[in-house]
Each structure stands twice: as C-alpha cells, then as structure tokens.
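*Asks:* For reference, the structure I am asking about is given below.
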Amino acid sequence: MTICKVLCCCGLLAATPILAAQQVPAADSSRRQADSLARHPALLKAITVTAAPPERRDPIGFTSVSPQALHASVAINAYELLRQTAGLEVHDQGQGPGFASTASLRGFASDHSTDIALWIDGVPVNEPVNGHAEGYNDWSLLFPAVVQEIDVYKGPTSPLYGNFSLAGTVNIRTLERVSGTSALVSGGMYGRLDGTVLTGYDRGTNGGVFGLRGVREDGWRPNSQYRTAQGHARVVQALSSSAALDVGIELYAAGWDSPGFLTDSQFAARDYAVVVDPTDGGFKRRAQERASLRVLWGDTRLWRTTVYATQGRWQLFLNIPPEPGSGEGTGSQTEEEDVRYGFGMTSALTWALRSTEITLGAEGRWDHTNHQNWLTTARVRDSAQDLLTARQGAGALFAQTSIAVGTRLRLNLGGRYDAFATASTPTGQAEVTGTTHAFSPKFGALYQLSPSGQVYANVSRGFRQTDGVINDPSLPVITASAYETGVRVQSRGVEASLAVFRMDVSNEQTFDPLTLATTSGGRSRRQGVELGVRSRLGAAVSFDADATLNDAKYGRLVTEDGHTLSGARVFNTARYVGSAAVELAPRRRPWRVRLATNVVGPYTPFEGNGLELPAYALLHLGGMVTLGRVELQLGVRNIVNRAYPELRAGAFVAPGQPRSLYGGIAVR
C-alpha cells in the first residue's frame, strides 16, 4: 500500500504534504514508513502542535463541529456560530465586533471569554497582561470561509493547553488547500453586506489558501454601524519525503459605533432606539504570523514546532449611565487603548510505539503591552485613570503518555508546569515585578465496552491568570480541579455521549461591568450533565444536538462592597444551555435545508440579589440551492422574533437582535 493510500484511508489528507512525494529509488523506505504509519496513526497529526483533532480513544469530553454545519448555520458573527453549532452559552456585549463578547463553557462566564482558551492553527488568541480583562479573547479573528473544523475541549483535560483553558479550549483548524477561486456575496437586513473571495492551489504535495473578506452593517439599533476586514493566507510546502513547512497569516480590522446599554424598562418596552452616547465606539486591529515545521524521524518519531508573532491595537469609548437609585455605573465616558506585540513558540516530540504513545513538549511566550485608561467627554480626554506599560514572559513544559493496557483499556497520564514573570511600569512610577506558577496534572482512563461503546473518566487541573495582574504581577492564578466521567456510543449512524462533571475553583474572581469592581479570593463549584447526539434519521435527514445542565454556585465569596455571595449562583451563567438542528439534504438533489435552535435556561445576570431571568429559545432557518457552479443561500435568524437579553448587568440590558433575513450568492 502506498503512503498516499494510507493517508486517505485514515481520513487525514492534511498529512499528505509531508510524505506523498516519494521518489522511485526510495520505494523500500516508503514501504517501511507506510507500515509504520499504519501501525501508528498518531504520527499523522496536523502540522501545528496544537491543531490535531481529538480522537475517540481520548478519555475526554469534546464536541467537533463539521464544515457542513458551519456552512449551513445562519450566524451573524463567530460567537453566534458556536452558539448554534456547539451549544456554547454566549452573552454578546452588544458594543461592536472588536469588543470581545462572553462565551461560557460549563458555567464559566468570565468577562470577554477569558476562561476559555482559543487557538487558531496552533496560535493562542487570548491576550495576556490586558488591562481590560486578563486573557481578553476576541473571536472576530476567525475567518469563517477557511475553517476546516472546530473542536471544543470541555474541561482542562489536555496538557497541550495551559493559560486560560480553565473551562476548556476551542481549537480551530483552517483549510490547507483549495482548488481554484470562489466568491461569496451576501447581504441582509440593517444594511448588511458581506463579501469573501477565496483562492488557492492543490499540487499534490503542496497546497495554499488565500482569502479576503469585508463586512459592513448599519446595525439594527441606531449608532451601531460597523465595518470589518479580514485577510488569510496559508501555504504548505513539502521540503522532503519526511518534512513539511506550513506558514500562515491572519489579519483583522474592525471599527464600530456603540448605542450603549438599555435600561430594563426600555428593554421590556422594546424601546431599542435609545442611544446612550453617540460618540461611543471603537476600533481594533490584529495580525498574527506563523511558521510550523513537521519532521518524521524514522518509523516512530514525529517532531512538530510552531513559532508565531502577534501584533494588535484597540481603542474603545464606552459610557455606562448611573443606575437610578443605586449609584452603579460611572455616568462618564471611558476611553481604553491597548497597543501590544508578542512572540511565541511551541515544540513537541512524539514517539509512537506499538502500545504506547509519548509526547514531550515545551512552550514559550513573551508579550508587551502599553495600556491607557482615560475619562473622556465626546472622545476628548479629561483625566487619566490608568497609564502603564507591562511585559510578561511565560514558559511551560508538558508531557502526555497514552498506554494501551490489553485490548480494551487505555490510560492517559500527563501534565504541564507553567511559570510567568511579569513586570508593570505605571507612568511616572517605579517598576513592579512578580512571578507565579501553576502545575496541572492530567489523568484519564477509557474502557472499550464493545466495538460501539466506551466509558471514560478523567481528573485534571486547569488555571488562568487573574484580572489585575497587569497592575499587580504577584497575584496568584485561578485554579480549577476538574472531575468527569462519561459514556460514548457510536453505532449505525448514531453518535451519542453523556458526561457528568464537577469543577471546584480556588481563588475565584468575579467582575461587575458597571462598577468595574473585581472581587477575588473566594471559591466556587460547577457541576452538571452534558449530552451530545449526532444521528442520521434516514438517507436525507440528519440530527445533531448538544445540551448542558449546570449548577454553578459560589462557595465563599465576599465582594468589595461587602455583599456575601456564598451559596449564590455564579453571575452571568444559565442553568441549562443547548443547541439542536435538523438538516434535510436529499442525495442527488441540489438543495438542503437546516432548522436550528439554541436554548438558554434561567439566567443569572451580574446582580448579587438573587435575580434570575426566564429561559428563552431562538429558532433559525437556513437553506441553499446549487445550480451548476452557483450556490444560492437564504436564512432567517430568530424566526419568531423573540425579545431576549444578550447580557444584563444591574438595571441595564444589551438586547438581542430581532428577526433578521439574510441571503447570498456563492460562485465556485
């Protein structure tokens, strides 16, 4: 069997560039490598160290979102895309595309998604030493047309991911190659216009993808216009029969206006035309460059290294009016500006033996930022609140061993050690330095009950750095001890999973976006049940669903203003969340239709007084028809025009988007 056939049979054509270009004189060597790859499929992992997909033999909870589901979803942004396809809890800040919203996993709803690690092709997106939110996580960098697959790791179970993977990790892999050129133009209500051009090449051992995208929208509320532009490039080049180089660039820019939060009475009356401050808004720019090298040594060893650089700048103006009767909210416009750059590297060596796989690796990262916080009036600076420069160096060692014990039992043992050195220099003051560290052990076991059924259990520890470390580098990290057990079944077109989890958090931290007060030092607990189903109900019908029932409560936490939260539900989380979709796609027919819903159960906002908002569900419909090389797309988001809060804090609400119609034309 040739190397190419081995790769195709394993369903991992992404590995082709390394090994497909065999020369005739090397036939014996090719056969030996083919035999090795057949015995050790782990060596066919993606080129970047942290981009490989999870496997069914991994004793972890995960959800993988297919390109078909991504393509058929009626989503207005990257957060919406994950909410509809992976069952994540999402609370859109409603401020603009570059103002990172909150995605929650297993009841972790830190401001701006800082409890979830986001990686794109082996590059971390979370921003450390960030004065607005430590680990600020802007998913708008995601270029939808080039996404190959999205994997959601639930819990801190993988040793490949360290800082900010407290609740889990979202790992995104992009296309390695496309053939020819395609264009997509779509539009919709509220003046939306979205255009994408994608081109590339596929030359057997080498491939490339290049894309440009532009979006503009007037917004469904006054003073909510925005513009975004994105660029993507990826090239994979075979260097030899056993080595490949993969380079990529991601570019993103956005500018937006912000109408601000509504009062709860305005939201109840659907008075969406209110604008708090017409000068509110902002912009963001981000770029990241990456080079990844993969080398196969002999029959059993694989070395992968990714180096990257990031650059970014954002500025925002935000006015939160005082809440009547309580004094919350500043009542003044705040300007924040962040200018940063950084470098990083991840390298790992994997040995694949007959019954054991061992991975040893190291990670390093250095980031520099200049952060400014001002009080302003109509974007004119009045006085400075916080001006400083900070830098952070981080390093980690990680290891994982997967051992087959007999034919049914597999054990995963591993962990990582992370260390951080941070320096902060407020303008006109002496430099402040500090170091922190974290040890994260991982253990999992999976037992094969039958060819179609598995049970698994894992124990792990995760962490993230604390908000405010940019001012006080000595702050300890937030940690979570995680426990999970579950069962997976795959038979006759049905994939189902059921998991029970618990996560105990130390040095808990909660943030109030109105008072801007942060409370640290307490404890909390998340526990619940997760369910996932993927099924074909016939030749033309498929069904998928994800749901999480979650009990998230503070164990012991006293806020800065003296409120005791012990026993209260964790702010900004829901009792249950989920998504479900039915897709009709008859074979040999040029059309498909997808009906989807996402549900958010009773939701606890940033309050502290026991308030719980009622559950709601949104319904979405999308469809497409292919006519030769032309694909016509049509979708309706929020079909029943449900009024719902994306976010509530104090007596203020960021309302969700009402019924919206979208359509597009793709030429391939």
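Starting from 1 in every chain, residues are counted up; chains themselves are A, B, ... following the order of the structure tokens, and ligands are numbered from 1 as listed.
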At a cut-off of 7 Å, using only C-alpha atoms, what residues contact range 414-430 of chain A? Leave out same-chain residues fewer than 4 positions from it and give the result as number ranges by chain.

*Replies:* A: 159, 387-401, 434-443, 470-471, 473

*Asks:* Tell me, as a list of chain:residue names, which residues lie within 8 Å of range 619-635 of chain A, counting only C-alpha atoms; anything in the same chain fewer than 2 positions away does not count.

*Replies:* A:Ala72, A:Ser73, A:Val74, A:Pro590, A:Trp591, A:Arg592, A:Val593, A:Arg594, A:Leu595, A:Ala596, A:Thr597, A:Asn598, A:Ala617, A:Arg637, A:Asn638, A:Ile639, A:Val640, A:Leu661, A:Tyr662, A:Gly663, A:Gly664, A:Ile665, A:Ala666, A:Val667, A:Arg668

*Asks:* Run DSSP on the backbone and give me the residues of range 125-357 of chain A it puts in helix (DSSP H, G or I), as JSON, numbers by chain.

*Replies:* {"A": [139, 140, 141, 144, 145, 146, 264, 265, 266, 267, 268]}

*Asks:* Here is a test: counting only C-alpha atoms, which residue of A:Ile150, A:Leu175, A:Ala243, A:Leu141 is nearest to Lys284 in chain A?

*Replies:* A:Leu141

*Asks:* Excluding range 340-356 of chain A and residues on its chain fewer than 3 positions from it, collect all residues at most 9 Å away from it, counting only C-alpha atoms, and give them as a PyMOL selection string.

*Replies:* chain A and resi 39-43+48-50+122-123+299-313+359-371+398-399+401-406

*Asks:* Restricting it to N, CA and C atoms, dump the selection as a CSV table (one decimal), in the first residue's frame.

*Replies:*
```
chain,number,residue,atom,x,y,z
A,39,ARG,N,0.7,1.3,11.6
A,39,ARG,CA,0.7,0.8,12.9
A,39,ARG,C,0.5,1.9,13.9
A,40,HIS,N,1.0,3.1,13.5
A,40,HIS,CA,1.0,4.3,14.5
A,40,HIS,C,0.3,5.5,13.8
A,41,PRO,N,-1.1,5.4,13.7
A,41,PRO,CA,-1.8,6.6,13.1
A,41,PRO,C,-1.6,7.9,13.8
A,42,ALA,N,-1.1,7.9,15.1
A,42,ALA,CA,-0.9,9.1,15.8
A,42,ALA,C,0.1,10.0,15.1
A,43,LEU,N,1.0,9.4,14.3
A,43,LEU,CA,2.0,10.2,13.6
A,43,LEU,C,1.4,11.0,12.4
A,48,THR,N,0.8,21.7,12.8
A,48,THR,CA,0.9,22.6,14.0
A,48,THR,C,0.7,21.7,15.3
A,49,VAL,N,1.4,22.1,16.3
A,49,VAL,CA,1.4,21.2,17.5
A,49,VAL,C,0.1,21.1,18.2
A,50,THR,N,-0.7,22.1,18.2
A,50,THR,CA,-2.0,22.1,19.0
A,50,THR,C,-3.2,22.1,18.0
A,122,GLY,N,-2.7,26.6,15.8
A,122,GLY,CA,-1.5,26.5,16.7
A,122,GLY,C,-1.1,27.8,17.3
A,123,VAL,N,-1.9,28.9,17.2
A,123,VAL,CA,-1.5,30.2,17.7
A,123,VAL,C,-2.6,30.6,18.8
A,299,ASP,N,10.7,5.4,11.9
A,299,ASP,CA,9.4,4.8,11.9
A,299,ASP,C,8.5,5.3,13.0
A,300,THR,N,9.0,5.9,14.0
A,300,THR,CA,8.2,6.1,15.2
A,300,THR,C,8.2,7.5,15.9
A,301,ARG,N,9.0,8.4,15.3
A,301,ARG,CA,9.1,9.7,16.0
A,301,ARG,C,8.7,10.8,15.1
A,302,LEU,N,8.0,11.7,15.7
A,302,LEU,CA,7.4,12.9,15.0
A,302,LEU,C,7.7,14.2,15.8
A,303,TRP,N,8.4,15.1,15.1
A,303,TRP,CA,8.7,16.4,15.8
A,303,TRP,C,8.0,17.5,15.1
A,304,ARG,N,7.2,18.3,15.9
A,304,ARG,CA,6.5,19.5,15.3
A,304,ARG,C,6.8,20.7,16.1
A,305,THR,N,7.1,21.8,15.4
A,305,THR,CA,7.4,23.1,16.1
A,305,THR,C,6.6,24.2,15.4
A,306,THR,N,6.0,25.1,16.2
A,306,THR,CA,5.3,26.3,15.6
A,306,THR,C,5.9,27.5,16.3
A,307,VAL,N,6.3,28.5,15.5
A,307,VAL,CA,6.7,29.8,16.0
A,307,VAL,C,5.7,30.8,15.5
A,308,TYR,N,5.5,31.9,16.3
A,308,TYR,CA,4.5,32.9,15.8
A,308,TYR,C,4.8,34.2,16.4
A,309,ALA,N,4.2,35.2,15.8
A,309,ALA,CA,4.3,36.6,16.3
A,309,ALA,C,2.9,37.2,16.2
A,310,THR,N,2.6,38.1,17.1
A,310,THR,CA,1.3,38.8,17.1
A,310,THR,C,1.5,40.3,17.3
A,311,GLN,N,0.6,41.0,16.7
A,311,GLN,CA,0.6,42.5,16.9
A,311,GLN,C,-0.9,42.9,17.0
A,312,GLY,N,-1.2,43.9,17.9
A,312,GLY,CA,-2.6,44.4,18.0
A,312,GLY,C,-2.7,45.7,18.6
A,313,ARG,N,-3.8,46.4,18.2
A,313,ARG,CA,-4.1,47.7,18.8
A,313,ARG,C,-5.6,47.8,18.9
A,359,THR,N,4.4,12.0,24.3
A,359,THR,CA,4.6,13.3,23.8
A,359,THR,C,5.3,14.1,24.8
A,360,LEU,N,6.4,14.7,24.5
A,360,LEU,CA,7.1,15.7,25.4
A,360,LEU,C,7.2,17.0,24.6
A,361,GLY,N,6.9,18.1,25.3
A,361,GLY,CA,7.0,19.4,24.6
A,361,GLY,C,7.3,20.6,25.5
A,362,ALA,N,7.5,21.7,24.9
A,362,ALA,CA,7.8,22.9,25.6
A,362,ALA,C,7.1,24.1,24.9
A,363,GLU,N,6.7,25.1,25.7
A,363,GLU,CA,6.0,26.3,25.2
A,363,GLU,C,6.7,27.5,25.8
A,364,GLY,N,6.9,28.5,25.0
A,364,GLY,CA,7.4,29.8,25.5
A,364,GLY,C,6.6,31.0,24.8
A,365,ARG,N,6.5,32.0,25.6
A,365,ARG,CA,5.7,33.2,25.1
A,365,ARG,C,6.2,34.5,25.8
A,366,TRP,N,6.3,35.5,25.0
A,366,TRP,CA,6.6,36.9,25.5
A,366,TRP,C,5.7,37.9,25.0
A,367,ASP,N,5.1,38.7,25.8
A,367,ASP,CA,4.1,39.7,25.4
A,367,ASP,C,4.5,41.1,26.0
A,368,HIS,N,4.2,42.1,25.2
A,368,HIS,CA,4.5,43.5,25.7
A,368,HIS,C,3.3,44.3,25.4
A,369,THR,N,2.8,45.2,26.3
A,369,THR,CA,1.6,46.0,26.1
A,369,THR,C,1.8,47.4,26.7
A,370,ASN,N,1.2,48.3,26.0
A,370,ASN,CA,1.0,49.7,26.6
A,370,ASN,C,-0.5,50.0,26.7
A,371,HIS,N,-0.9,50.1,28.0
A,371,HIS,CA,-2.3,50.2,28.3
A,371,HIS,C,-2.6,51.6,28.8
A,398,PHE,N,5.4,20.3,29.0
A,398,PHE,CA,4.2,19.5,29.1
A,398,PHE,C,4.6,18.1,28.6
A,399,ALA,N,3.8,17.1,29.1
A,399,ALA,CA,4.0,15.7,28.7
A,399,ALA,C,2.7,15.0,28.7
A,401,THR,N,1.3,10.7,28.1
A,401,THR,CA,1.5,9.3,27.7
A,401,THR,C,0.2,8.7,27.6
A,402,SER,N,0.0,8.0,26.4
A,402,SER,CA,-1.2,7.2,26.2
A,402,SER,C,-0.8,5.7,26.1
A,403,ILE,N,-1.3,4.9,27.0
A,403,ILE,CA,-0.9,3.5,27.1
A,403,ILE,C,-2.1,2.6,26.9
A,404,ALA,N,-1.9,1.6,26.0
A,404,ALA,CA,-2.9,0.6,25.9
A,404,ALA,C,-2.6,-0.6,26.8
A,405,VAL,N,-3.6,-0.9,27.7
A,405,VAL,CA,-3.4,-2.0,28.6
A,405,VAL,C,-4.4,-3.1,28.1
A,406,GLY,N,-3.8,-4.1,27.4
A,406,GLY,CA,-4.7,-5.1,26.8
A,406,GLY,C,-5.4,-4.5,25.6
```

*Asks:* Separation of CA of Pro53 in chain A and CA of Ser165 in chain A, in Å?

*Replies:*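 Between these atoms lies a distance of 16.5 Å.
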
*Asks:* Residues near Phe261 in chain A, anyone? I mean within 9 Å using only C-alpha atoms, not counting same-chain ones fewer than 5 positions away, as a list of chain:residue names.

*Replies:*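 Within the cut-off, the hits are A:Gly94, A:Gln95, A:Val274, A:Val275, A:Val276, A:Asn319, A:Ile320, A:Pro321, A:Arg648, A:Phe652, A:Val653, A:Ala654, A:Pro655.
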
*Asks:* What would the file look like if the residues just selected were written as a compact mmCIF listing (two decimals), in the first residue's frame with N, CA and C atoms?

*Replies:*
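Resulting contents of selection.txt:
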```txt
# COMPACT_ATOMS: atom_id res chain seq x y z
N GLY A 94 -22.74 43.48 22.79
CA GLY A 94 -23.53 44.45 22.04
C GLY A 94 -22.81 45.75 21.76
N GLN A 95 -21.49 45.77 21.87
CA GLN A 95 -20.74 47.01 21.69
C GLN A 95 -20.10 47.14 20.31
N VAL A 274 -32.94 53.94 21.76
CA VAL A 274 -32.18 54.78 22.68
C VAL A 274 -30.69 54.69 22.39
N VAL A 275 -30.01 55.82 22.40
CA VAL A 275 -28.54 55.87 22.27
C VAL A 275 -27.99 56.59 23.49
N VAL A 276 -27.16 55.92 24.25
CA VAL A 276 -26.64 56.49 25.49
C VAL A 276 -25.70 57.65 25.20
N ASN A 319 -19.74 54.61 27.52
CA ASN A 319 -20.42 55.35 28.57
C ASN A 319 -21.49 54.45 29.17
N ILE A 320 -21.40 54.19 30.47
CA ILE A 320 -22.42 53.42 31.17
C ILE A 320 -23.11 54.37 32.15
N PRO A 321 -24.37 54.73 31.89
CA PRO A 321 -25.05 55.71 32.76
C PRO A 321 -25.30 55.14 34.14
N ARG A 648 -27.16 41.17 30.83
CA ARG A 648 -27.78 42.10 31.77
C ARG A 648 -26.81 42.33 32.92
N PHE A 652 -29.34 47.37 33.56
CA PHE A 652 -29.08 47.65 32.16
C PHE A 652 -28.99 46.35 31.36
N VAL A 653 -29.38 46.45 30.08
CA VAL A 653 -29.50 45.28 29.22
C VAL A 653 -28.86 45.56 27.87
N ALA A 654 -28.12 44.56 27.35
CA ALA A 654 -27.73 44.55 25.94
C ALA A 654 -28.72 43.64 25.23
N PRO A 655 -29.65 44.20 24.45
CA PRO A 655 -30.71 43.37 23.85
C PRO A 655 -30.20 42.54 22.69
```

*Asks:* Between A:Trp314, A:Phe62, A:Tyr79, A:Phe143, which is the closest to Ser497 in chain A once you count only C-alpha atoms?

*Replies:*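 Of A:Trp314, A:Phe62, A:Tyr79, A:Phe143, the one nearest Ser497 in chain A is A:Phe62, counting only C-alpha atoms.
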
*Asks:* Pick out each residue of range 60-283 of chain A that DSSP on the backbone tags as strand (DSSP E); I need them as a PyMOL selection string.

*Replies:* chain A and resi 61-65+89-91+102-104+116-120+123-124+147-154+168-174+180-188+192-202+207-217+226-240+243-257+262-263+281-283

*Asks:* Which residues, written as a ChimeraX atom specification, have at least one atom at most 7 Å from range 83-93 of chain A, with only C-alpha atoms counted and residues fewer than 2 positions away on the same chain left out?

*Replies:* /A:63,65,69,79-81,95,101-105,546-547,577-579,597-598,646-647,654

*Asks:* Take the residues that were just selected and, keeping all heavy atoms, output them as a short mmCIF file (atom, residue, chain, number, x, y, z; two decimals), in the first residue's frame.

*Replies:*
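Final file, again_1.cif:
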```cif
data_model
loop_
_atom_site.label_atom_id
_atom_site.label_comp_id
_atom_site.auth_asym_id
_atom_site.auth_seq_id
_atom_site.Cartn_x
_atom_site.Cartn_y
_atom_site.Cartn_z
N THR A 63 -16.58 18.25 21.64
CA THR A 63 -17.53 18.39 20.54
C THR A 63 -16.78 18.87 19.32
O THR A 63 -15.99 19.82 19.41
CB THR A 63 -18.64 19.40 20.88
OG1 THR A 63 -19.39 18.93 22.00
CG2 THR A 63 -19.57 19.62 19.71
N VAL A 65 -17.27 20.35 15.46
CA VAL A 65 -18.25 20.97 14.57
C VAL A 65 -17.75 20.82 13.15
O VAL A 65 -16.65 21.26 12.81
CB VAL A 65 -18.46 22.45 14.92
CG1 VAL A 65 -19.55 23.06 14.04
CG2 VAL A 65 -18.81 22.61 16.39
N ALA A 69 -21.96 21.81 9.01
CA ALA A 69 -22.78 22.52 9.99
C ALA A 69 -22.44 23.99 10.03
O ALA A 69 -23.32 24.86 10.14
CB ALA A 69 -22.60 21.89 11.37
N TYR A 79 -19.25 34.28 17.50
CA TYR A 79 -19.90 33.81 18.73
C TYR A 79 -21.21 33.12 18.41
O TYR A 79 -21.54 32.07 18.96
CB TYR A 79 -20.14 34.99 19.66
CG TYR A 79 -18.89 35.65 20.15
CD1 TYR A 79 -18.35 36.76 19.50
CD2 TYR A 79 -18.23 35.17 21.28
CE1 TYR A 79 -17.20 37.37 19.95
CE2 TYR A 79 -17.08 35.76 21.74
CZ TYR A 79 -16.56 36.87 21.07
OH TYR A 79 -15.41 37.45 21.51
N GLU A 80 -21.99 33.71 17.52
CA GLU A 80 -23.27 33.12 17.13
C GLU A 80 -23.06 31.77 16.46
O GLU A 80 -23.84 30.83 16.65
CB GLU A 80 -23.99 34.08 16.17
CG GLU A 80 -25.34 33.58 15.70
CD GLU A 80 -26.40 33.67 16.78
OE1 GLU A 80 -26.23 34.47 17.72
OE2 GLU A 80 -27.38 32.91 16.70
N LEU A 81 -22.00 31.65 15.69
CA LEU A 81 -21.70 30.40 15.01
C LEU A 81 -21.50 29.26 16.02
O LEU A 81 -22.03 28.16 15.85
CB LEU A 81 -20.45 30.57 14.15
CG LEU A 81 -20.14 29.48 13.13
CD1 LEU A 81 -21.22 29.42 12.07
CD2 LEU A 81 -18.78 29.73 12.49
N GLN A 95 -21.49 45.77 21.87
CA GLN A 95 -20.74 47.01 21.69
C GLN A 95 -20.10 47.14 20.31
O GLN A 95 -19.81 48.24 19.86
CB GLN A 95 -19.65 47.12 22.76
CG GLN A 95 -20.16 47.07 24.18
CD GLN A 95 -21.16 48.17 24.45
OE1 GLN A 95 -20.95 49.31 24.10
NE2 GLN A 95 -22.27 47.81 25.08
N SER A 101 -17.00 39.49 23.17
CA SER A 101 -18.16 39.07 23.96
C SER A 101 -17.78 37.92 24.88
O SER A 101 -16.62 37.49 24.92
CB SER A 101 -19.29 38.68 23.01
OG SER A 101 -19.74 39.80 22.28
N THR A 102 -18.76 37.41 25.60
CA THR A 102 -18.52 36.37 26.59
C THR A 102 -19.08 35.05 26.11
O THR A 102 -20.29 34.92 25.89
CB THR A 102 -19.16 36.75 27.94
OG1 THR A 102 -18.51 37.91 28.45
CG2 THR A 102 -19.04 35.63 28.94
N ALA A 103 -18.23 34.07 25.94
CA ALA A 103 -18.65 32.69 25.67
C ALA A 103 -18.39 31.89 26.94
O ALA A 103 -17.33 32.00 27.56
CB ALA A 103 -17.89 32.11 24.50
N SER A 104 -19.37 31.07 27.32
CA SER A 104 -19.29 30.33 28.57
C SER A 104 -19.33 28.84 28.30
O SER A 104 -20.11 28.37 27.48
CB SER A 104 -20.46 30.73 29.49
OG SER A 104 -20.48 29.92 30.65
N LEU A 105 -18.49 28.10 29.01
CA LEU A 105 -18.43 26.65 28.91
C LEU A 105 -18.48 26.08 30.32
O LEU A 105 -17.69 26.47 31.18
CB LEU A 105 -17.14 26.23 28.20
CG LEU A 105 -16.97 24.77 27.83
CD1 LEU A 105 -18.04 24.33 26.85
CD2 LEU A 105 -15.58 24.54 27.22
N ASP A 546 -26.61 19.34 21.30
CA ASP A 546 -25.73 19.40 22.45
C ASP A 546 -26.47 20.13 23.56
O ASP A 546 -27.15 21.14 23.31
CB ASP A 546 -24.44 20.16 22.14
CG ASP A 546 -23.51 19.38 21.24
OD1 ASP A 546 -22.81 18.51 21.77
OD2 ASP A 546 -23.50 19.64 20.03
N ALA A 547 -26.35 19.66 24.79
CA ALA A 547 -27.02 20.30 25.91
C ALA A 547 -26.17 20.15 27.16
O ALA A 547 -25.50 19.14 27.36
CB ALA A 547 -28.40 19.69 26.15
N VAL A 577 -28.09 25.19 28.86
CA VAL A 577 -27.92 25.74 27.52
C VAL A 577 -27.85 24.57 26.55
O VAL A 577 -27.53 23.44 26.93
CB VAL A 577 -26.64 26.60 27.39
CG1 VAL A 577 -26.71 27.84 28.26
CG2 VAL A 577 -25.40 25.79 27.72
N GLY A 578 -28.16 24.85 25.31
CA GLY A 578 -28.07 23.79 24.31
C GLY A 578 -28.37 24.28 22.93
O GLY A 578 -28.83 25.41 22.72
N SER A 579 -28.10 23.43 21.97
CA SER A 579 -28.42 23.71 20.57
C SER A 579 -28.87 22.41 19.93
O SER A 579 -28.48 21.32 20.34
CB SER A 579 -27.20 24.27 19.82
OG SER A 579 -26.16 23.30 19.76
N THR A 597 -32.07 25.51 16.57
CA THR A 597 -32.46 26.30 17.72
C THR A 597 -31.32 26.33 18.72
O THR A 597 -30.50 25.41 18.77
CB THR A 597 -33.72 25.73 18.40
OG1 THR A 597 -34.11 26.58 19.48
CG2 THR A 597 -33.47 24.33 18.94
N ASN A 598 -31.25 27.39 19.50
CA ASN A 598 -30.38 27.41 20.67
C ASN A 598 -31.20 27.90 21.85
O ASN A 598 -32.05 28.77 21.73
CB ASN A 598 -29.13 28.26 20.45
CG ASN A 598 -29.41 29.72 20.20
OD1 ASN A 598 -29.62 30.11 19.05
ND2 ASN A 598 -29.43 30.53 21.24
N GLU A 646 -29.06 39.68 25.61
CA GLU A 646 -27.74 39.08 25.43
C GLU A 646 -26.95 39.15 26.73
O GLU A 646 -26.23 38.23 27.09
CB GLU A 646 -26.99 39.79 24.31
CG GLU A 646 -27.49 39.51 22.91
CD GLU A 646 -26.99 38.17 22.38
OE1 GLU A 646 -26.40 37.40 23.17
OE2 GLU A 646 -27.22 37.88 21.20
N LEU A 647 -27.10 40.27 27.43
CA LEU A 647 -26.35 40.49 28.66
C LEU A 647 -27.16 41.43 29.54
O LEU A 647 -27.79 42.37 29.04
CB LEU A 647 -24.98 41.12 28.36
CG LEU A 647 -24.07 41.41 29.55
CD1 LEU A 647 -23.50 40.11 30.11
CD2 LEU A 647 -22.94 42.34 29.15
N ALA A 654 -28.12 44.56 27.35
CA ALA A 654 -27.73 44.55 25.94
C ALA A 654 -28.72 43.64 25.23
O ALA A 654 -28.69 42.42 25.43
CB ALA A 654 -26.31 44.03 25.77
#
```

*Asks:* Counting only C-alpha atoms, which of A:Thr334, A:Asp246, A:Glu357, A:Ala273 gets nearest to Arg290 in chain A?

*Replies:*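 Looking only at the distances to Arg290 in chain A, the closest residue turns out to be A:Asp246.
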
*Asks:* Applying 12 Å and only C-alpha atoms, which residues near Val147 in chain A remain after dropping the ones on its own chain fewer than 3 positions away? List them as a PDB file with C-alpha atoms, in the first residue's frame.

*Replies:*
```pdb
ATOM      1  CA  VAL A  65     -18.250  20.972  14.574  1.00  0.00           C
ATOM      2  CA  SER A  66     -18.144  19.899  10.925  1.00  0.00           C
ATOM      3  CA  PRO A  67     -17.691  22.240   7.939  1.00  0.00           C
ATOM      4  CA  GLN A  68     -21.186  21.300   6.758  1.00  0.00           C
ATOM      5  CA  ALA A  69     -22.781  22.516   9.992  1.00  0.00           C
ATOM      6  CA  LEU A  70     -20.732  25.712   9.929  1.00  0.00           C
ATOM      7  CA  HIS A  71     -21.653  26.366   6.312  1.00  0.00           C
ATOM      8  CA  ALA A  78     -18.214  33.957  15.302  1.00  0.00           C
ATOM      9  CA  LEU A  81     -21.702  30.395  15.011  1.00  0.00           C
ATOM     10  CA  ILE A 120      -6.242  29.074  15.582  1.00  0.00           C
ATOM     11  CA  ASP A 121      -3.777  26.846  13.696  1.00  0.00           C
ATOM     12  CA  LEU A 141     -10.216  36.986  14.195  1.00  0.00           C
ATOM     13  CA  LEU A 142     -11.948  33.835  12.934  1.00  0.00           C
ATOM     14  CA  PHE A 143     -12.269  33.816   9.096  1.00  0.00           C
ATOM     15  CA  PRO A 144     -15.424  31.702   8.509  1.00  0.00           C
ATOM     16  CA  ILE A 150     -13.802  23.400  15.207  1.00  0.00           C
ATOM     17  CA  ASP A 151     -13.075  21.258  18.268  1.00  0.00           C
ATOM     18  CA  ASN A 171      -9.275  24.741  18.777  1.00  0.00           C
ATOM     19  CA  ILE A 172      -9.773  25.846  15.166  1.00  0.00           C
ATOM     20  CA  ARG A 173      -8.126  24.268  12.143  1.00  0.00           C
ATOM     21  CA  THR A 174      -8.183  26.004   8.776  1.00  0.00           C
ATOM     22  CA  LEU A 175      -8.031  24.554   5.268  1.00  0.00           C
ATOM     23  CA  GLU A 176      -4.606  23.548   3.997  1.00  0.00           C
ATOM     24  CA  ARG A 177      -5.530  23.752   0.314  1.00  0.00           C
ATOM     25  CA  VAL A 178      -8.312  24.650  -2.116  1.00  0.00           C
ATOM     26  CA  LEU A 198     -11.150  32.620  -1.643  1.00  0.00           C
ATOM     27  CA  VAL A 209      -5.245  29.052   0.593  1.00  0.00           C
ATOM     28  CA  GLY A 211      -8.752  34.808   1.315  1.00  0.00           C
ATOM     29  CA  HIS A 232      -5.961  34.982   5.489  1.00  0.00           C
ATOM     30  CA  ARG A 234      -1.735  29.651   4.358  1.00  0.00           C
TER      31      ARG A 234
END
```

*Asks:* Could I get the residues of range 260-340 of chain A with an atom no further than 6 Å from an atom of range 250-254 of chain A, each paired with its nearest atom pair and that distance in Å to one decimal, using only C-alpha atoms, sorted by chain and residue number, as JSON lines?

*Replies:*
```
{"residue": "A:Phe283", "atom": "CA", "partner": "A:Ala254", "partner_atom": "CA", "distance": 5.4}
{"residue": "A:Lys284", "atom": "CA", "partner": "A:Ala254", "partner_atom": "CA", "distance": 5.3}
{"residue": "A:Arg285", "atom": "CA", "partner": "A:Ala253", "partner_atom": "CA", "distance": 4.4}
{"residue": "A:Arg286", "atom": "CA", "partner": "A:Tyr252", "partner_atom": "CA", "distance": 5.2}
{"residue": "A:Ala287", "atom": "CA", "partner": "A:Leu251", "partner_atom": "CA", "distance": 4.6}
{"residue": "A:Gln288", "atom": "CA", "partner": "A:Glu250", "partner_atom": "CA", "distance": 5.3}
```

*Asks:* Would you mind telling me which residue in A:Thr279, A:Arg588, A:Pro322, A:Tyr554 lies nearest to Ala539 in chain A when using only C-alpha atoms?

*Replies:*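 Among the listed residues, A:Arg588 lies closest to Ala539 in chain A.
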
*Asks:* Using only C-alpha atoms, which of A:Pro278, A:Gly188, A:Gly453, A:Gly107 sits nearest Leu166 in chain A?

*Replies:*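 Result for the nearest residue to Leu166 in chain A: A:Gly107.
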